[in-house]
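Q: Here it is, the structure in full.
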Amino acid sequence: MKSLLRTCGQARESQTAQSWGSLQWLASSGIGNSDHMTLGRVIIKRGYSNPRHSHPGCDEILHLLRGRLQHSLGSDTVKLDAGDTLVIERGVAHNAVSVGDEDAEMIVAYPTGHRDFRPETAADGECR
């Protein structure tokens with residue numbers, strides 16, 4: 001059996017700042033330690049939202065560690081509190097707004113090492 005360790009320092013170095021928060025990939029084919037899964041840590045700053053998007057090739061599992069989210073899924077909306085887990089089916093456009101008193105921190109997982117991120121686009125082809 002082959003095991004690959006990704007240290008806390010390596011993960012911290014790979015954290016990507018966004019205007020709305022940050023992304024930190026812990027396992028995926030993109031960072032070379034898993035062709036079969038993707039695992040990440042996402043922070044959405046209080047009062048901000050990540051861009052609406054979909055993953056056409058895979059489902060997503062999101063586990064909220066702290067904060068509160070209002071998550072849109074297609075035309076539906078659900079509220080998540082710390083400890084809640086949401087499964088998002090492949091191809092469903094979604095995004096989250098951090099609506100709590102603190103930043104929202106979550107773990108996200110995908111059943112493939114090749115997570116496909118597709119921003120939702122308007123009819124004219126421009127990103128919303």
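Within each chain, counting starts at residue 1; across the structure tokens, chains are named A, B, ... in the order shown, with ligands numbered 1 upward in that order.
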Compile the contact shell of region 50-59 of chain A as a ChimeraX atom specification: residues with an atom at most 9 Å away, counting only C-alpha atoms, same-chain residues fewer than 6 positions apart removed.
A: /A:18-21,44,72,87-98,109-112,114-121,128
Q: With C-alpha atoms kept, could you save the residues just selected as an mmCIF file, in the first residue's frame?
A:
```
data_model
loop_
_atom_site.group_PDB
_atom_site.id
_atom_site.type_symbol
_atom_site.label_atom_id
_atom_site.label_comp_id
_atom_site.auth_asym_id
_atom_site.auth_seq_id
_atom_site.Cartn_x
_atom_site.Cartn_y
_atom_site.Cartn_z
ATOM 1 C CA GLN A 18 -9.757 34.753 -2.626
ATOM 2 C CA SER A 19 -11.644 38.037 -2.251
ATOM 3 C CA TRP A 20 -14.364 36.071 -0.431
ATOM 4 C CA GLY A 21 -12.123 33.807 1.700
ATOM 5 C CA ILE A 44 -15.853 32.002 3.422
ATOM 6 C CA SER A 72 -28.186 27.789 -2.775
ATOM 7 C CA VAL A 87 -24.275 16.413 -0.296
ATOM 8 C CA ILE A 88 -24.500 18.255 -3.617
ATOM 9 C CA GLU A 89 -25.267 16.168 -6.692
ATOM 10 C CA ARG A 90 -23.054 16.463 -9.754
ATOM 11 C CA GLY A 91 -23.984 19.251 -12.125
ATOM 12 C CA VAL A 92 -26.117 21.241 -9.648
ATOM 13 C CA ALA A 93 -25.184 24.946 -9.621
ATOM 14 C CA HIS A 94 -24.510 26.107 -6.073
ATOM 15 C CA ASN A 95 -22.809 28.644 -3.845
ATOM 16 C CA ALA A 96 -22.783 29.650 -0.194
ATOM 17 C CA VAL A 97 -23.122 32.886 1.755
ATOM 18 C CA SER A 98 -21.504 33.101 5.196
ATOM 19 C CA ALA A 109 -14.685 16.260 -0.566
ATOM 20 C CA TYR A 110 -15.116 14.905 -4.097
ATOM 21 C CA PRO A 111 -14.978 11.244 -5.225
ATOM 22 C CA THR A 112 -12.303 11.937 -7.831
ATOM 23 C CA HIS A 114 -9.873 15.528 -10.896
ATOM 24 C CA ARG A 115 -12.520 17.900 -9.492
ATOM 25 C CA ASP A 116 -14.056 19.922 -12.311
ATOM 26 C CA PHE A 117 -15.034 23.502 -11.366
ATOM 27 C CA ARG A 118 -17.394 25.257 -13.765
ATOM 28 C CA PRO A 119 -18.486 28.849 -13.033
ATOM 29 C CA GLU A 120 -22.142 29.488 -13.773
ATOM 30 C CA THR A 121 -22.447 31.600 -16.897
ATOM 31 C CA ARG A 128 -22.173 36.057 -13.289
#
```
Q: Near Arg46 (chain A), within 10 Å and counting only C-alpha atoms, which residues show up once chain neighbours fewer than 2 positions away are dropped, as a list in words?
A: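 Counting only C-alpha atoms, the residues come to Trp20, Gly21, Ile43, Ile44, Tyr48, Ser49, Gly67, Arg68, Leu69, Val97, Ser98, Val99, Gly100, Asp101, Glu102, Asp103 and Ala104 of chain A.
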Q: So that I can check the secondary structure, give me every residue of chain A assigned strand (DSSP E or B) by backbone DSSP, as a ChimeraX atom specification.
A: /A:16-18,21-27,38-44,49,53-54,60-66,68-73,76-81,85-88,94-98,104-110,118-119,121,127
Q: Can you list, as JSON, numbers by chain, every protein, DNA or RNA residue that comes within 10 Å of Gly83 (chain A) when you count only C-alpha atoms, leaving out same-chain residues fewer than 2 positions away?
A: {"A": [63, 64, 65, 66, 67, 68, 80, 81, 85, 106]}
Q: Which residue out of A:Ala27, A:Gly113, A:Gln15, A:Arg41 has the minimum interatomic distance to Ser3 (chain A) when only C-alpha atoms are used?
A: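 Between A:Ala27, A:Gly113, A:Gln15, A:Arg41, the residue approaching Ser3 (chain A) most closely is A:Ala27.
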Q: Let me make sure I understand: among A:Leu73, A:Leu26, A:Leu5, A:Ile31, which one has the smallest atom-to-atom distance to Val108 (chain A) if we use only C-alpha atoms?
A: A:Leu26
Q: As a PyMOL selection string, please: all residues of chain A that backbone DSSP puts in helix (DSSP H, G or I).
A: chain A and resi 8-13+29-31
Q: Could you write those residues out with N, CA and C atoms, as an mmCIF file, in the first residue's frame?
A:
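Result went into part00.cif, see below:
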```
data_model
loop_
_atom_site.group_PDB
_atom_site.id
_atom_site.type_symbol
_atom_site.label_atom_id
_atom_site.label_comp_id
_atom_site.auth_asym_id
_atom_site.auth_seq_id
_atom_site.Cartn_x
_atom_site.Cartn_y
_atom_site.Cartn_z
ATOM 1 N N CYS A 8 1.237 19.741 7.505
ATOM 2 C CA CYS A 8 0.519 20.975 7.803
ATOM 3 C C CYS A 8 1.199 22.158 7.108
ATOM 4 N N GLY A 9 2.509 22.185 7.121
ATOM 5 C CA GLY A 9 3.251 23.266 6.472
ATOM 6 C C GLY A 9 3.033 23.291 4.969
ATOM 7 N N GLN A 10 3.019 22.115 4.333
ATOM 8 C CA GLN A 10 2.764 22.052 2.894
ATOM 9 C C GLN A 10 1.358 22.545 2.577
ATOM 10 N N ALA A 11 0.393 22.149 3.382
ATOM 11 C CA ALA A 11 -0.989 22.578 3.168
ATOM 12 C C ALA A 11 -1.102 24.090 3.349
ATOM 13 N N ARG A 12 -0.465 24.615 4.360
ATOM 14 C CA ARG A 12 -0.519 26.058 4.626
ATOM 15 C C ARG A 12 0.088 26.846 3.455
ATOM 16 N N GLU A 13 1.176 26.334 2.886
ATOM 17 C CA GLU A 13 1.828 27.004 1.756
ATOM 18 C C GLU A 13 0.949 27.017 0.510
ATOM 19 N N SER A 29 -5.368 15.125 -7.429
ATOM 20 C CA SER A 29 -4.373 14.859 -8.466
ATOM 21 C C SER A 29 -3.580 16.124 -8.781
ATOM 22 N N GLY A 30 -4.210 17.279 -8.627
ATOM 23 C CA GLY A 30 -3.550 18.548 -8.922
ATOM 24 C C GLY A 30 -2.337 18.832 -8.059
ATOM 25 N N ILE A 31 -2.332 18.295 -6.840
ATOM 26 C CA ILE A 31 -1.164 18.493 -5.967
ATOM 27 C C ILE A 31 -0.339 17.219 -5.858
#
```
Q: Rounded to one decimal in Å, what is the spacing between CA of Gly40 (chain A) and CA of Ser75 (chain A)?
A: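 Straight-line distance from CA of Gly40 (chain A) to CA of Ser75 (chain A) works out to 25.4 Å.
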Q: Looking at A:Leu86, A:Ile107, A:Val78, A:Ile61, which one is nearest to Leu23 (chain A), with distances taken over only C-alpha atoms?
A: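 Using only C-alpha atoms, Leu23 (chain A) sits closest to A:Ile107.
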Q: Measure the distance from CA of Lys45 (chain A) to CA of Thr77 (chain A) in Å and round it to one decimal.
A: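 Between these atoms lies a distance of 19.1 Å.
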Q: Give me, please, the distance in Å between CA of Trp25 (chain A) and CA of Met37 (chain A), quoted to one decimal.
A: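 Spanning CA of Trp25 (chain A) to CA of Met37 (chain A) is a straight-line distance of 11.1 Å.
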